[in-house]
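Please read the structure below before turning to the comments.
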Amino acid sequence: MRGAETSRRIDSFRLTLLLCWLLTPLPWQNSAAAESADAVILLYHHVSNTTPPSTSVSPDRFEEHLDFLERQGYVVLPLQEIVEALTSGAGLAAKAVGITFDDGYESIYTEALPRLERRGLPFTVFVSTQAIDDTYANFMTWDELRDLESRGGTIANHGRAHAHLIRREAGEAAGDWRRRVSDDILTAQGRLDAELDRPLRLFAYPYGEFDASLEVIIADLDLIAFGQQSGPIGAVSDRRQLARFPMATGFDSLSSLAEKLRTRPLPVEVIAPVSRVLPAGADAPVLELRVPDGAYRRDALRCYVAGQEPALIRWNGDVATVRAQRPLGPGRGKYNCTAPSDSERGVYYWYSHLWIQPRDDGSWYAE
Ligand SMILES: [Zn+2]
């Protein structure tokens, strides 16, 4: 009898344990609900009605963006915190967003800062220090940048002279180019360190232009770098080419913002080519991507090219060979590749590949 009773008690104990186990959320279930490994970084330049539309968002539209982020439960985090979480593998709040501005224009101080400060939202401004040192018109001053720092902003490195860093000067040897470019970036960092309380060691490529050799310099300087190719970022993202979604008039509607905020990074491996700088007069470039299995419909991968029909895609196992239907021409081009989520409507996995091409005579385009 006693044996049978003990056995019943043990059974009931086991049942209780089983129930507890079934009813208690597991740690990873909690973290899956509350955290994600991804973030979307928004990139603005001017917040103004009077600056070029291609690099501007109106103050009213900017306000609408901030309203939207708050209303939809997005969590705006300091850029440094996002980068650290991605680097360490720690989770981020679900729906994590970073707000960045490039160049340090005056309208960030007069229009964006008060709106961000009122809501207590953090943000980062990437500045080119020569524009501040030489007090260019329409740029913030060091006093304004210090004030901005004390009111929730952080300042980071956008180079000294806002140069096209991938370009070589006439007859410039590789070693001389490396020294010149390192000097531009380090001089800017030195000025930020001298003028500000807590500048970041984060870099944004001027014009969003980078290639493999520039990435080596960024790695040597122990910097993390952002481009201007679109897309979200995550643990899979390369720290020398972190994507941001550029915000500009015509591409800044709330529906467009919502679509971008819902994206996830597509974890591609670029197999070829090594360089994203195309020869003068190049035909449409061929991009080879390994696209591993994931929570997306790989068979529905599309790669969009501005001003053209979508690129042609040929599959060989998990490797996609992507090629635009026409040459990209001089300037910066992109293949924006997306694959729909296999379970969440309206969610796209996204990878944007940057191309850079000189003019047909081999000279560089002016900006
Ligand atoms: Zn810039």
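Residues in the structure tokens are named by chain (A, B, ... in the order shown) and by number from 1 within that chain; ligands are numbered from 1 in the order shown.
Every residue having at least one atom no farther than 7 Å from ligand 1 is included below, with only C-alpha atoms and all ligand atoms taken into account: Asp102, Asp103, His158, His162, Pro206 and Tyr207 of chain A.
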Just C-alpha atoms for this one: save the residues we selected as a short mmCIF file (atom, residue, chain, number, x, y, z; two decimals), in the first residue's frame.
```cif
data_model
loop_
_atom_site.label_atom_id
_atom_site.label_comp_id
_atom_site.auth_asym_id
_atom_site.auth_seq_id
_atom_site.Cartn_x
_atom_site.Cartn_y
_atom_site.Cartn_z
CA ASP A 102 24.24 62.97 -42.51
CA ASP A 103 26.32 66.13 -43.03
CA HIS A 158 31.48 61.56 -41.81
CA HIS A 162 33.23 64.88 -47.50
CA PRO A 206 30.37 60.27 -47.79
CA TYR A 207 27.87 59.76 -50.68
#
```
Exercise for the section: Can you pull out every residue within 9 Å of range 278-280 of chain A, counting only C-alpha atoms, but drop anything in the same chain fewer than 2 positions away, and send it as a PyMOL selection string? Expected result: chain A and resi 275-276+282-283+285+329-330+355-363
Practice task
Using DSSP on the backbone coordinates, identify all residues within range 68-236 of chain A classified as strand (DSSP E); present the result as a PyMOL selection string.
Solution key: chain A and resi 75-76+92-93+96-103+123-127+153-157+202-204+224-226
Can I get the selected residues back with N, CA and C atoms, as a PDB file, in the first residue's frame?
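again00.pdb, written as the output of this step:
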```
ATOM      1  N   VAL A  75      10.591  51.282 -31.321  1.00  0.00           N
ATOM      2  CA  VAL A  75      11.441  51.673 -30.201  1.00  0.00           C
ATOM      3  C   VAL A  75      12.702  52.330 -30.772  1.00  0.00           C
ATOM      4  N   VAL A  76      12.773  53.658 -30.648  1.00  0.00           N
ATOM      5  CA  VAL A  76      13.926  54.371 -31.183  1.00  0.00           C
ATOM      6  C   VAL A  76      15.064  54.283 -30.165  1.00  0.00           C
ATOM      7  N   LEU A  92      17.853  42.898 -29.234  1.00  0.00           N
ATOM      8  CA  LEU A  92      17.388  44.283 -29.217  1.00  0.00           C
ATOM      9  C   LEU A  92      15.901  44.257 -28.926  1.00  0.00           C
ATOM     10  N   ALA A  93      15.381  45.391 -28.488  1.00  0.00           N
ATOM     11  CA  ALA A  93      13.928  45.485 -28.374  1.00  0.00           C
ATOM     12  C   ALA A  93      13.323  45.167 -29.735  1.00  0.00           C
ATOM     13  N   ALA A  96      13.102  47.717 -33.256  1.00  0.00           N
ATOM     14  CA  ALA A  96      14.150  48.702 -32.963  1.00  0.00           C
ATOM     15  C   ALA A  96      14.424  49.562 -34.197  1.00  0.00           C
ATOM     16  N   VAL A  97      14.561  50.858 -33.954  1.00  0.00           N
ATOM     17  CA  VAL A  97      14.807  51.827 -35.031  1.00  0.00           C
ATOM     18  C   VAL A  97      15.900  52.786 -34.580  1.00  0.00           C
ATOM     19  N   GLY A  98      16.782  53.155 -35.510  1.00  0.00           N
ATOM     20  CA  GLY A  98      17.766  54.205 -35.265  1.00  0.00           C
ATOM     21  C   GLY A  98      17.474  55.378 -36.185  1.00  0.00           C
ATOM     22  N   ILE A  99      17.675  56.595 -35.681  1.00  0.00           N
ATOM     23  CA  ILE A  99      17.453  57.799 -36.502  1.00  0.00           C
ATOM     24  C   ILE A  99      18.804  58.471 -36.713  1.00  0.00           C
ATOM     25  N   THR A 100      19.183  58.661 -37.992  1.00  0.00           N
ATOM     26  CA  THR A 100      20.467  59.303 -38.287  1.00  0.00           C
ATOM     27  C   THR A 100      20.278  60.436 -39.294  1.00  0.00           C
ATOM     28  N   PHE A 101      21.216  61.387 -39.237  1.00  0.00           N
ATOM     29  CA  PHE A 101      21.267  62.508 -40.185  1.00  0.00           C
ATOM     30  C   PHE A 101      22.697  62.594 -40.691  1.00  0.00           C
ATOM     31  N   ASP A 102      22.884  62.805 -41.979  1.00  0.00           N
ATOM     32  CA  ASP A 102      24.235  62.974 -42.509  1.00  0.00           C
ATOM     33  C   ASP A 102      24.511  64.447 -42.795  1.00  0.00           C
ATOM     34  N   ASP A 103      25.749  64.842 -42.603  1.00  0.00           N
ATOM     35  CA  ASP A 103      26.324  66.128 -43.028  1.00  0.00           C
ATOM     36  C   ASP A 103      26.270  67.222 -41.955  1.00  0.00           C
ATOM     37  N   PHE A 123      19.165  60.246 -31.313  1.00  0.00           N
ATOM     38  CA  PHE A 123      19.492  60.313 -32.744  1.00  0.00           C
ATOM     39  C   PHE A 123      20.988  60.575 -32.890  1.00  0.00           C
ATOM     40  N   THR A 124      21.496  60.337 -34.097  1.00  0.00           N
ATOM     41  CA  THR A 124      22.925  60.535 -34.366  1.00  0.00           C
ATOM     42  C   THR A 124      23.105  61.377 -35.622  1.00  0.00           C
ATOM     43  N   VAL A 125      24.043  62.337 -35.556  1.00  0.00           N
ATOM     44  CA  VAL A 125      24.375  63.158 -36.725  1.00  0.00           C
ATOM     45  C   VAL A 125      25.807  62.828 -37.145  1.00  0.00           C
ATOM     46  N   PHE A 126      25.989  62.411 -38.392  1.00  0.00           N
ATOM     47  CA  PHE A 126      27.320  62.187 -38.962  1.00  0.00           C
ATOM     48  C   PHE A 126      27.773  63.493 -39.612  1.00  0.00           C
ATOM     49  N   VAL A 127      28.863  64.086 -39.113  1.00  0.00           N
ATOM     50  CA  VAL A 127      29.287  65.380 -39.658  1.00  0.00           C
ATOM     51  C   VAL A 127      30.660  65.273 -40.336  1.00  0.00           C
ATOM     52  N   GLY A 153      21.228  64.088 -28.574  1.00  0.00           N
ATOM     53  CA  GLY A 153      21.861  63.639 -29.816  1.00  0.00           C
ATOM     54  C   GLY A 153      23.263  63.121 -29.588  1.00  0.00           C
ATOM     55  N   THR A 154      23.785  62.364 -30.544  1.00  0.00           N
ATOM     56  CA  THR A 154      25.199  62.002 -30.540  1.00  0.00           C
ATOM     57  C   THR A 154      25.760  62.360 -31.918  1.00  0.00           C
ATOM     58  N   ILE A 155      27.081  62.607 -31.952  1.00  0.00           N
ATOM     59  CA  ILE A 155      27.725  63.042 -33.179  1.00  0.00           C
ATOM     60  C   ILE A 155      28.740  61.971 -33.584  1.00  0.00           C
ATOM     61  N   ALA A 156      28.807  61.693 -34.875  1.00  0.00           N
ATOM     62  CA  ALA A 156      29.745  60.693 -35.374  1.00  0.00           C
ATOM     63  C   ALA A 156      30.439  61.194 -36.634  1.00  0.00           C
ATOM     64  N   ASN A 157      31.330  60.349 -37.149  1.00  0.00           N
ATOM     65  CA  ASN A 157      32.323  60.726 -38.161  1.00  0.00           C
ATOM     66  C   ASN A 157      31.796  60.543 -39.585  1.00  0.00           C
ATOM     67  N   LEU A 202      31.816  55.842 -34.865  1.00  0.00           N
ATOM     68  CA  LEU A 202      31.049  55.259 -35.974  1.00  0.00           C
ATOM     69  C   LEU A 202      31.266  56.160 -37.176  1.00  0.00           C
ATOM     70  N   PHE A 203      31.278  55.565 -38.369  1.00  0.00           N
ATOM     71  CA  PHE A 203      31.594  56.302 -39.594  1.00  0.00           C
ATOM     72  C   PHE A 203      30.468  56.123 -40.606  1.00  0.00           C
ATOM     73  N   ALA A 204      30.169  57.179 -41.348  1.00  0.00           N
ATOM     74  CA  ALA A 204      29.245  57.061 -42.488  1.00  0.00           C
ATOM     75  C   ALA A 204      30.001  57.492 -43.738  1.00  0.00           C
ATOM     76  N   ILE A 224      33.222  51.140 -37.303  1.00  0.00           N
ATOM     77  CA  ILE A 224      32.039  50.493 -37.865  1.00  0.00           C
ATOM     78  C   ILE A 224      31.426  51.506 -38.813  1.00  0.00           C
ATOM     79  N   ALA A 225      31.024  51.059 -40.006  1.00  0.00           N
ATOM     80  CA  ALA A 225      30.652  52.044 -41.024  1.00  0.00           C
ATOM     81  C   ALA A 225      29.280  51.782 -41.649  1.00  0.00           C
ATOM     82  N   PHE A 226      28.588  52.895 -41.904  1.00  0.00           N
ATOM     83  CA  PHE A 226      27.271  52.873 -42.538  1.00  0.00           C
ATOM     84  C   PHE A 226      27.348  53.396 -43.963  1.00  0.00           C
TER      85      PHE A 226
END
```
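As for CA of Leu312 in chain A and CA of Arg326 in chain A, they are spaced 10.3 Å apart.
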Handout entry: Every residue of range 62-298 of chain A that DSSP places in helix (DSSP H, G or I), as a ChimeraX atom specification
Key = /A:62-71,79-88,106-119,129-133,142-150,174-195,206-208,212-220,254-261,298
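The space between CA of Leu113 in chain A and CA of Asp38 in chain A spans 25.6 Å.
Considering the residues A:Asp133, A:Asp252, A:Asp184, A:Asp222 and counting only C-alpha atoms, Glu64 in chain A has its shortest atom-to-atom contact with A:Asp252.
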